[in-house]
Every structure is written in C-alpha cells, then in structure tokens.
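Asks: I am sharing model15.pdb, which consists of PDB, C-alpha atoms, pLDDT in the B column:
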ATOM      1  CA  ALA A   3      97.247  92.674  88.755  1.00 88.00           C
ATOM      2  CA  ARG A   4      99.791  95.510  88.713  1.00 92.00           C
ATOM      3  CA  ALA A   5      98.410  96.904  91.954  1.00 88.00           C
ATOM      4  CA  CYS A   6      98.644  93.470  93.612  1.00 86.00           C
ATOM      5  CA  ASP A   7     102.206  93.057  92.333  1.00 91.00           C
ATOM      6  CA  PHE A   8     103.125  96.468  93.723  1.00 93.00           C
ATOM      7  CA  VAL A   9     101.570  95.728  97.120  1.00 89.00           C
ATOM      8  CA  LYS A  10     103.464  92.433  97.317  1.00 90.00           C
ATOM      9  CA  LYS A  11     106.663  94.198  96.311  1.00 94.00           C
ATOM     10  CA  ILE A  12     106.345  96.563  99.290  1.00 95.00           C
ATOM     11  CA  ARG A  13     105.837  93.487 101.483  1.00 91.00           C
ATOM     12  CA  LYS A  14     102.150  93.918 102.167  1.00 86.00           C
ATOM     13  CA  THR A  15      99.282  91.504 101.581  1.00 83.00           C
ATOM     14  CA  PRO A  16      96.749  92.796  99.061  1.00 83.00           C
ATOM     15  CA  ILE A  17      93.020  92.343  99.423  1.00 81.00           C
ATOM     16  CA  ILE A  18      90.459  93.006  96.744  1.00 79.00           C
ATOM     17  CA  VAL A  19      87.504  95.182  97.708  1.00 82.00           C
ATOM     18  CA  LYS A  20      84.480  96.355  95.769  1.00 75.00           C
ATOM     19  CA  ASP A  21      84.551  99.935  94.506  1.00 76.00           C
ATOM     20  CA  SER A  22      81.915 101.116  96.937  1.00 72.00           C
ATOM     21  CA  TRP A  23      81.376 104.000  99.338  1.00 70.00           C
ATOM     22  CA  GLY A  24      84.068 103.948 101.998  1.00 71.00           C
ATOM     23  CA  PHE A  25      85.518 100.652 100.714  1.00 84.00           C
ATOM     24  CA  PHE A  26      86.292  98.344 103.660  1.00 86.00           C
ATOM     25  CA  ALA A  27      88.972  99.613 106.017  1.00 87.00           C
ATOM     26  CA  SER A  28      87.638 103.168 106.073  1.00 89.00           C
ATOM     27  CA  ARG A  29      84.127 102.033 106.915  1.00 91.00           C
ATOM     28  CA  VAL A  30      85.330  99.868 109.777  1.00 93.00           C
ATOM     29  CA  GLN A  31      87.688 102.593 111.003  1.00 94.00           C
ATOM     30  CA  ASN A  32      84.936 105.212 110.921  1.00 95.00           C
ATOM     31  CA  THR A  33      82.732 102.951 113.013  1.00 95.00           C
ATOM     32  CA  TYR A  34      85.480 102.815 115.642  1.00 97.00           C
ATOM     33  CA  ILE A  35      85.821 106.596 115.593  1.00 98.00           C
ATOM     34  CA  LEU A  36      82.074 107.193 115.841  1.00 98.00           C
ATOM     35  CA  GLU A  37      81.756 104.788 118.761  1.00 98.00           C
ATOM     36  CA  GLY A  38      84.530 106.622 120.620  1.00 98.00           C
ATOM     37  CA  ILE A  39      82.788 109.949 120.037  1.00 98.00           C
ATOM     38  CA  HIS A  40      79.491 108.420 121.138  1.00 98.00           C
ATOM     39  CA  MET A  41      81.125 107.196 124.344  1.00 98.00           C
ATOM     40  CA  LEU A  42      82.396 110.736 124.966  1.00 98.00           C
ATOM     41  CA  SER A  43      78.883 112.130 124.519  1.00 97.00           C
ATOM     42  CA  GLU A  44      77.577 109.504 126.958  1.00 97.00           C
ATOM     43  CA  GLY A  45      79.912 110.831 129.646  1.00 97.00           C
ATOM     44  CA  TYR A  46      82.905 108.494 129.548  1.00 97.00           C
ATOM     45  CA  PRO A  47      86.257 110.200 130.261  1.00 96.00           C
ATOM     46  CA  PRO A  48      88.160 110.964 127.046  1.00 97.00           C
ATOM     47  CA  ALA A  49      91.439 109.519 128.378  1.00 97.00           C
ATOM     48  CA  LEU A  50      89.616 106.271 129.146  1.00 97.00           C
ATOM     49  CA  ILE A  51      88.213 106.126 125.603  1.00 98.00           C
ATOM     50  CA  GLU A  52      91.670 106.667 124.120  1.00 98.00           C
ATOM     51  CA  ASN A  53      93.365 104.120 126.374  1.00 97.00           C
ATOM     52  CA  ILE A  54      90.719 101.467 125.704  1.00 97.00           C
ATOM     53  CA  GLY A  55      91.274 101.880 121.981  1.00 97.00           C
ATOM     54  CA  ILE A  56      95.031 101.528 122.283  1.00 97.00           C
ATOM     55  CA  GLN A  57      94.799  98.627 124.728  1.00 96.00           C
ATOM     56  CA  SER A  58      92.453  96.814 122.354  1.00 94.00           C
ATOM     57  CA  GLY A  59      95.112  96.918 119.650  1.00 92.00           C
ATOM     58  CA  MET A  60      94.293 100.083 117.732  1.00 94.00           C
ATOM     59  CA  PRO A  61      97.245 102.224 116.714  1.00 93.00           C
ATOM     60  CA  LYS A  62      95.504 105.327 118.119  1.00 96.00           C
ATOM     61  CA  GLY A  63      92.567 106.226 120.270  1.00 98.00           C
ATOM     62  CA  ALA A  64      89.286 106.979 118.514  1.00 98.00           C
ATOM     63  CA  LEU A  65      89.415 110.704 119.327  1.00 98.00           C
ATOM     64  CA  ALA A  66      93.018 111.081 118.142  1.00 98.00           C
ATOM     65  CA  LEU A  67      92.150 109.266 114.928  1.00 98.00           C
ATOM     66  CA  ALA A  68      89.119 111.531 114.447  1.00 98.00           C
ATOM     67  CA  ASP A  69      91.357 114.574 114.808  1.00 98.00           C
ATOM     68  CA  ASP A  70      93.917 113.150 112.381  1.00 98.00           C
ATOM     69  CA  LEU A  71      91.286 112.485 109.710  1.00 97.00           C
ATOM     70  CA  GLY A  72      89.423 115.688 110.436  1.00 98.00           C
ATOM     71  CA  LEU A  73      86.024 115.784 112.063  1.00 98.00           C
ATOM     72  CA  GLU A  74      84.412 117.017 108.846  1.00 98.00           C
ATOM     73  CA  MET A  75      85.738 113.919 107.035  1.00 96.00           C
ATOM     74  CA  VAL A  76      84.312 111.656 109.751  1.00 97.00           C
ATOM     75  CA  LEU A  77      80.949 113.379 109.316  1.00 97.00           C
ATOM     76  CA  ARG A  78      81.236 113.145 105.513  1.00 95.00           C
ATOM     77  CA  PHE A  79      81.498 109.335 105.780  1.00 92.00           C
ATOM     78  CA  GLU A  80      78.357 109.252 107.904  1.00 93.00           C
ATOM     79  CA  ASN A  81      76.558 111.504 105.422  1.00 94.00           C
ATOM     80  CA  GLN A  82      77.605 109.134 102.611  1.00 92.00           C
ATOM     81  CA  ALA A  83      76.007 106.269 104.504  1.00 91.00           C
ATOM     82  CA  ALA A  84      72.800 108.296 104.788  1.00 93.00           C
ATOM     83  CA  LEU A  85      72.737 108.823 101.016  1.00 94.00           C
ATOM     84  CA  ILE A  86      73.531 105.211 100.178  1.00 90.00           C
ATOM     85  CA  TYR A  87      71.075 103.590 102.578  1.00 90.00           C
ATOM     86  CA  GLY A  88      68.277 106.128 102.168  1.00 94.00           C
ATOM     87  CA  PRO A  89      65.225 105.284 104.286  1.00 95.00           C
ATOM     88  CA  LYS A  90      67.050 102.336 105.896  1.00 93.00           C
ATOM     89  CA  TYR A  91      69.688 104.697 107.330  1.00 92.00           C
ATOM     90  CA  ILE A  92      69.751 105.227 111.076  1.00 93.00           C
ATOM     91  CA  GLN A  93      71.885 108.160 112.181  1.00 95.00           C
ATOM     92  CA  HIS A  94      74.767 107.205 114.440  1.00 96.00           C
ATOM     93  CA  PRO A  95      74.298 108.665 117.941  1.00 97.00           C
ATOM     94  CA  ALA A  96      77.733 110.319 117.668  1.00 98.00           C
ATOM     95  CA  VAL A  97      76.540 112.765 114.991  1.00 98.00           C
ATOM     96  CA  PRO A  98      75.190 115.436 117.405  1.00 98.00           C
ATOM     97  CA  ALA A  99      78.556 115.495 119.228  1.00 98.00           C
ATOM     98  CA  LEU A 100      80.398 115.756 115.903  1.00 97.00           C
ATOM     99  CA  LEU A 101      78.164 118.623 114.810  1.00 98.00           C
ATOM    100  CA  LYS A 102      78.699 120.356 118.150  1.00 98.00           C
ATOM    101  CA  MET A 103      82.481 120.102 117.754  1.00 98.00           C
ATOM    102  CA  ILE A 104      82.434 121.301 114.128  1.00 98.00           C
ATOM    103  CA  GLU A 105      79.699 123.933 114.080  1.00 97.00           C
ATOM    104  CA  GLU A 106      79.304 125.213 117.630  1.00 97.00           C
ATOM    105  CA  LEU A 107      82.862 124.917 118.964  1.00 97.00           C
ATOM    106  CA  ASP A 108      84.739 125.316 115.640  1.00 98.00           C
ATOM    107  CA  ARG A 109      87.028 122.404 116.508  1.00 98.00           C
ATOM    108  CA  LYS A 110      87.626 120.429 113.339  1.00 98.00           C
ATOM    109  CA  GLY A 111      90.755 118.407 113.991  1.00 97.00           C
ATOM    110  CA  ALA A 112      94.520 118.363 113.706  1.00 96.00           C
ATOM    111  CA  LYS A 113      94.780 120.409 110.488  1.00 96.00           C
ATOM    112  CA  LYS A 114      92.979 123.286 112.214  1.00 95.00           C
ATOM    113  CA  LYS A 115      95.035 122.739 115.397  1.00 95.00           C
ATOM    114  CA  ALA A 116      91.801 122.317 117.356  1.00 97.00           C
ATOM    115  CA  GLY A 117      89.769 119.171 117.832  1.00 97.00           C
ATOM    116  CA  PHE A 118      89.375 116.696 120.651  1.00 98.00           C
ATOM    117  CA  TYR A 119      93.035 117.490 121.273  1.00 98.00           C
ATOM    118  CA  GLU A 120      95.022 120.696 121.741  1.00 96.00           C
ATOM    119  CA  TYR A 121      97.993 121.293 119.468  1.00 96.00           C
ATOM    120  CA  PRO A 122     100.622 123.484 121.105  1.00 94.00           C
ATOM    121  CA  GLU A 123     103.358 125.045 119.013  1.00 91.00           C
ATOM    122  CA  GLU A 124     105.918 123.129 121.059  1.00 92.00           C
ATOM    123  CA  GLY A 125     105.497 119.647 122.473  1.00 89.00           C
ATOM    124  CA  LYS A 126     102.951 116.890 122.114  1.00 93.00           C
ATOM    125  CA  ARG A 127      99.254 117.194 121.637  1.00 95.00           C
ATOM    126  CA  SER A 128      97.030 116.538 124.625  1.00 97.00           C
ATOM    127  CA  LEU A 129      93.326 116.065 125.161  1.00 98.00           C
ATOM    128  CA  TRP A 130      91.485 119.381 125.127  1.00 98.00           C
ATOM    129  CA  PRO A 131      90.735 120.205 128.794  1.00 96.00           C
ATOM    130  CA  ALA A 132      87.394 121.836 127.917  1.00 96.00           C
ATOM    131  CA  LEU A 133      86.020 118.495 126.700  1.00 96.00           C
ATOM    132  CA  ALA A 134      84.808 117.939 130.260  1.00 94.00           C
ATOM    133  CA  THR A 135      82.835 121.203 130.058  1.00 96.00           C
ATOM    134  CA  HIS A 136      81.165 120.399 126.740  1.00 97.00           C
ATOM    135  CA  PHE A 137      80.819 116.659 127.337  1.00 97.00           C
ATOM    136  CA  PRO A 138      80.504 116.250 131.123  1.00 96.00           C
ATOM    137  CA  MET A 139      81.940 113.058 132.524  1.00 94.00           C
ATOM    138  CA  SER A 140      79.086 111.235 134.215  1.00 94.00           C
ATOM    139  CA  GLN A 141      79.853 107.533 133.765  1.00 91.00           C
ATOM    140  CA  GLU A 142      81.346 105.996 136.866  1.00 87.00           C
ATOM    141  CA  ASN A 143      80.104 102.414 136.891  1.00 89.00           C
ATOM    142  CA  PHE A 144      81.721 100.638 133.972  1.00 92.00           C
ATOM    143  CA  THR A 145      84.146  97.876 133.250  1.00 94.00           C
ATOM    144  CA  VAL A 146      87.041  98.303 130.879  1.00 95.00           C
ATOM    145  CA  GLY A 147      86.300  94.872 129.435  1.00 96.00           C
ATOM    146  CA  ALA A 148      82.741  95.822 128.479  1.00 96.00           C
ATOM    147  CA  LEU A 149      83.884  99.075 126.843  1.00 96.00           C
ATOM    148  CA  THR A 150      86.648  97.259 124.973  1.00 97.00           C
ATOM    149  CA  GLU A 151      84.141  94.716 123.674  1.00 97.00           C
ATOM    150  CA  ARG A 152      81.877  97.555 122.643  1.00 97.00           C
ATOM    151  CA  ILE A 153      84.440  99.256 120.398  1.00 96.00           C
ATOM    152  CA  LEU A 154      85.498  95.934 118.905  1.00 96.00           C
ATOM    153  CA  PHE A 155      81.944  94.689 118.420  1.00 96.00           C
ATOM    154  CA  VAL A 156      80.822  97.721 116.382  1.00 96.00           C
ATOM    155  CA  GLN A 157      83.749  97.138 114.041  1.00 95.00           C
ATOM    156  CA  VAL A 158      82.859  93.469 113.664  1.00 94.00           C
ATOM    157  CA  ILE A 159      79.278  94.406 112.788  1.00 94.00           C
ATOM    158  CA  GLU A 160      80.498  96.822 110.103  1.00 93.00           C
ATOM    159  CA  ALA A 161      82.838  94.165 108.717  1.00 92.00           C
ATOM    160  CA  VAL A 162      79.934  91.708 108.514  1.00 93.00           C
ATOM    161  CA  TRP A 163      77.867  94.301 106.658  1.00 91.00           C
ATOM    162  CA  CYS A 164      80.774  94.774 104.247  1.00 91.00           C
ATOM    163  CA  ILE A 165      80.812  91.023 103.616  1.00 92.00           C
ATOM    164  CA  GLN A 166      77.027  90.979 103.121  1.00 92.00           C
ATOM    165  CA  GLU A 167      77.290  93.887 100.664  1.00 90.00           C
ATOM    166  CA  ASN A 168      80.136  92.113  98.821  1.00 91.00           C
ATOM    167  CA  VAL A 169      82.511  94.979  99.566  1.00 91.00           C
ATOM    168  CA  ILE A 170      84.939  92.305 100.700  1.00 90.00           C
ATOM    169  CA  LYS A 171      84.683  88.648  99.784  1.00 89.00           C
ATOM    170  CA  SER A 172      85.739  86.628 102.803  1.00 87.00           C
ATOM    171  CA  VAL A 173      86.331  86.680 106.531  1.00 86.00           C
ATOM    172  CA  SER A 174      90.037  86.000 105.984  1.00 85.00           C
ATOM    173  CA  GLU A 175      90.328  89.053 103.707  1.00 86.00           C
ATOM    174  CA  ALA A 176      88.403  91.116 106.249  1.00 83.00           C
ATOM    175  CA  ASN A 177      90.852  89.994 108.938  1.00 83.00           C
ATOM    176  CA  LEU A 178      93.785  91.032 106.732  1.00 81.00           C
ATOM    177  CA  GLY A 179      92.166  94.390 105.982  1.00 80.00           C
ATOM    178  CA  SER A 180      91.544  94.965 109.646  1.00 78.00           C
TER     179      SER A 180
END
What is this file in structure tokens?
Replies:
Amino acid sequence: ARACDFVKKIRKTPIIVKDSWGFFASRVQNTYILEGIHMLSEGYPPALIENIGIQSGMPKGALALADDLGLEMVLRFENQAALIYGPKYIQHPAVPALLKMIEELDRKGAKKKAGFYEYPEEGKRSLWPALATHFPMSQENFTVGALTERILFVQVIEAVWCIQENVIKSVSEANLGS
C-alpha cells in the first residue's frame, strides 16, 4: 500500500506484479532487445533495427538499450529463463551473437565504452562501424512494416506468457506496464 501511495504521489500509475524472475517490464524489454540482436545476426542493418524500434514507439533502439543495460545483463536474463524453464527452455537465437560480442569481441556495453555502439570521449555515441564486419549485412528484401510487427509481436507474446504465469493479472495492467 505504501509503495502504491508513493507511485501515485510521483504521478505514475502503479501495477502489481508477482515476485518472479524478471518481473514484467524487464522480461518484455529483454525480448525486444534479443529480437533486435537476432535481427542483426540475420544480416539486417543496425541503423535499420534502431530506427524501427524508435519508429514503433520505443524510447531507444534495441541495440542502444542492450548497451545501456549491459550485454552481460541481457545474457543473464536469458540464462535465468533457462534455469526457470528447465527442459522446456528454448535458447533465443540471439544468444550466439551476444556471446560473440561479450566473449570474442570484448564489447559489453556502455559502461565499458564498447558495445554495439562506440563511445567517444567527446560527442554522441554512434553505431560501431565494425558491426558490418562481424555481422555482415545481407538482408535486402524486407519491409519496414513486417520488421516493426516482428519486434512488437515478440513483446506481445512475452506479455501473454506473463499473464499466463500470473506475473501480471490483466491485459490492462500489462498495457500500463508496457
């Protein structure tokens, strides 16, 4: 009750979620991030991935968000899912690209000043030019609409799973949390 009062006092709308791995918003957000990384590994241009995310209403592109959280944290969420779901777990296809960035290329995100983006001492961050070397751009026949639906759809699926697992109680609360 105190937490809800506080949230209302700071002019936000509280939602109640089950104390479960990843809660609600983080699980849905991680799905968005993983899908963006998967798209990169499939050969879609990184700038396209970022712009599709922003144009679909996200505050940041999936790769920028991955860098901000830290690639090891993104992987940690996926590893948590593996532990929770056990034999039912199916590894997300983005995991090999994440492992490549973390282990092979030693690019772990914004805190390390090296991730999907470059972090110059002066000025704004920009997409790491060598991404094209490590994740060659091969996709040429695509529609922005289909890719936008793809990143939104994976989030909807995760939200439905959260409802089925009683992490969140209703569609209206899921909409607020999203």
Asks: Just to confirm, what's the straight-line distance from atom CA of Glu106 of chain A to atom CA of Gln141 of chain A in Å (one decimal)?
Replies: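 Going from atom CA of Glu106 of chain A over to atom CA of Gln141 of chain A, I get 23.9 Å.
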Asks: In Å, with one decimal, what is the gap from atom CA of Ile18 of chain A to atom CA of Arg78 of chain A?
Replies: 23.8 Å
Asks: Need the shell around Leu71 of chain A: protein/DNA/RNA residues with any atom at most 12 Å away, counting all atoms listed in the file. Skip same-chain ones fewer than 2 positions apart. Format as a ChimeraX atom specification?
Replies: /A:28,31-32,35,62,64-69,73-79,110-114,117-118
Asks: Just write the chosen residues, C-alpha atoms, as a PDB file, keeping the file's coordinate frame.
Replies:
ATOM      1  CA  SER A  28      87.638 103.168 106.073  1.00 89.00           C
ATOM      2  CA  GLN A  31      87.688 102.593 111.003  1.00 94.00           C
ATOM      3  CA  ASN A  32      84.936 105.212 110.921  1.00 95.00           C
ATOM      4  CA  ILE A  35      85.821 106.596 115.593  1.00 98.00           C
ATOM      5  CA  LYS A  62      95.504 105.327 118.119  1.00 96.00           C
ATOM      6  CA  ALA A  64      89.286 106.979 118.514  1.00 98.00           C
ATOM      7  CA  LEU A  65      89.415 110.704 119.327  1.00 98.00           C
ATOM      8  CA  ALA A  66      93.018 111.081 118.142  1.00 98.00           C
ATOM      9  CA  LEU A  67      92.150 109.266 114.928  1.00 98.00           C
ATOM     10  CA  ALA A  68      89.119 111.531 114.447  1.00 98.00           C
ATOM     11  CA  ASP A  69      91.357 114.574 114.808  1.00 98.00           C
ATOM     12  CA  LEU A  73      86.024 115.784 112.063  1.00 98.00           C
ATOM     13  CA  GLU A  74      84.412 117.017 108.846  1.00 98.00           C
ATOM     14  CA  MET A  75      85.738 113.919 107.035  1.00 96.00           C
ATOM     15  CA  VAL A  76      84.312 111.656 109.751  1.00 97.00           C
ATOM     16  CA  LEU A  77      80.949 113.379 109.316  1.00 97.00           C
ATOM     17  CA  ARG A  78      81.236 113.145 105.513  1.00 95.00           C
ATOM     18  CA  PHE A  79      81.498 109.335 105.780  1.00 92.00           C
ATOM     19  CA  LYS A 110      87.626 120.429 113.339  1.00 98.00           C
ATOM     20  CA  GLY A 111      90.755 118.407 113.991  1.00 97.00           C
ATOM     21  CA  ALA A 112      94.520 118.363 113.706  1.00 96.00           C
ATOM     22  CA  LYS A 113      94.780 120.409 110.488  1.00 96.00           C
ATOM     23  CA  LYS A 114      92.979 123.286 112.214  1.00 95.00           C
ATOM     24  CA  GLY A 117      89.769 119.171 117.832  1.00 97.00           C
ATOM     25  CA  PHE A 118      89.375 116.696 120.651  1.00 98.00           C
TER      26      PHE A 118
END
Asks: Rounded to one decimal place, report the atom CA of Ile39 of chain A-atom CA of Phe25 of chain A distance in Å.
Replies: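 It comes out at 21.6 Å.
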Asks: For Leu42 of chain A, which residue out of A:Val169, A:Ala96, A:Leu129, A:Met103 is the nearest one, using all atoms listed in the file?
Replies: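 Answer, going by the shortest atom-to-atom distance: A:Ala96.
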Asks: Evaluating the PyMOL selection byres ((chain A and resi 150-154) around 8) on the displayed file yields which residues, as a ChimeraX atom specification?
Replies: /A:34,37-38,54-55,58,146-149,155-158
Asks: Please provide the set of residues having any atom within 9 Å of Cys6 of chain A, restricted to only C-alpha atoms, with same-chain residues fewer than 6 positions apart removed, written as a list of chain:residue names.
Replies: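 Listed by chain and then number, they are A:Thr15, A:Pro16, A:Ile17, A:Ile18.
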Asks: Which residue gives the smallest distance to Arg29 of chain A among A:Glu120, A:Glu44, A:Glu160, A:Glu167, with all atoms listed in the file counted?
Replies: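 Checking each of A:Glu120, A:Glu44, A:Glu160, A:Glu167 against Arg29 of chain A, counting all atoms listed in the file, the winner is A:Glu160.
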Asks: Which one of A:Trp163, A:Arg4, A:Ser22, A:Pro47 sits closest to Glu142 of chain A if you count only C-alpha atoms?
Replies: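 The answer is A:Pro47, which sits nearest to Glu142 of chain A.
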Asks: Would you compute the box with edges along x, y and z of the file around segment 65-70 of chain A, including every atom the file lists for it and 3 Å extra on each side, and give its centre and edge lengths in Å to one decimal, as JSON?
Replies:
{"center_x": 91.5, "center_y": 111.9, "center_z": 115.9, "size_x": 10.8, "size_y": 11.3, "size_z": 12.9}
Asks: When distances are computed from only C-alpha atoms, which of A:Ala27, A:Ile51, A:Val9, A:Val162 shows the smallest separation from Met139 of chain A?
Replies: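 Selected residue with least distance to Met139 of chain A: A:Ile51.
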Asks: Decode the PyMOL selection byres ((chain A and resi 95) around 10) for the given file into explicit residues and return them as an NGL selection string.
Replies: :A and (36-37 or 39-41 or 43-44 or 92-94 or 96-100)
Asks: Under the rule that only C-alpha atoms are counted, which of A:Ile170, A:Ala176, A:Ile56, A:Leu50 is the nearest residue to Asp21 of chain A?
Replies: A:Ile170
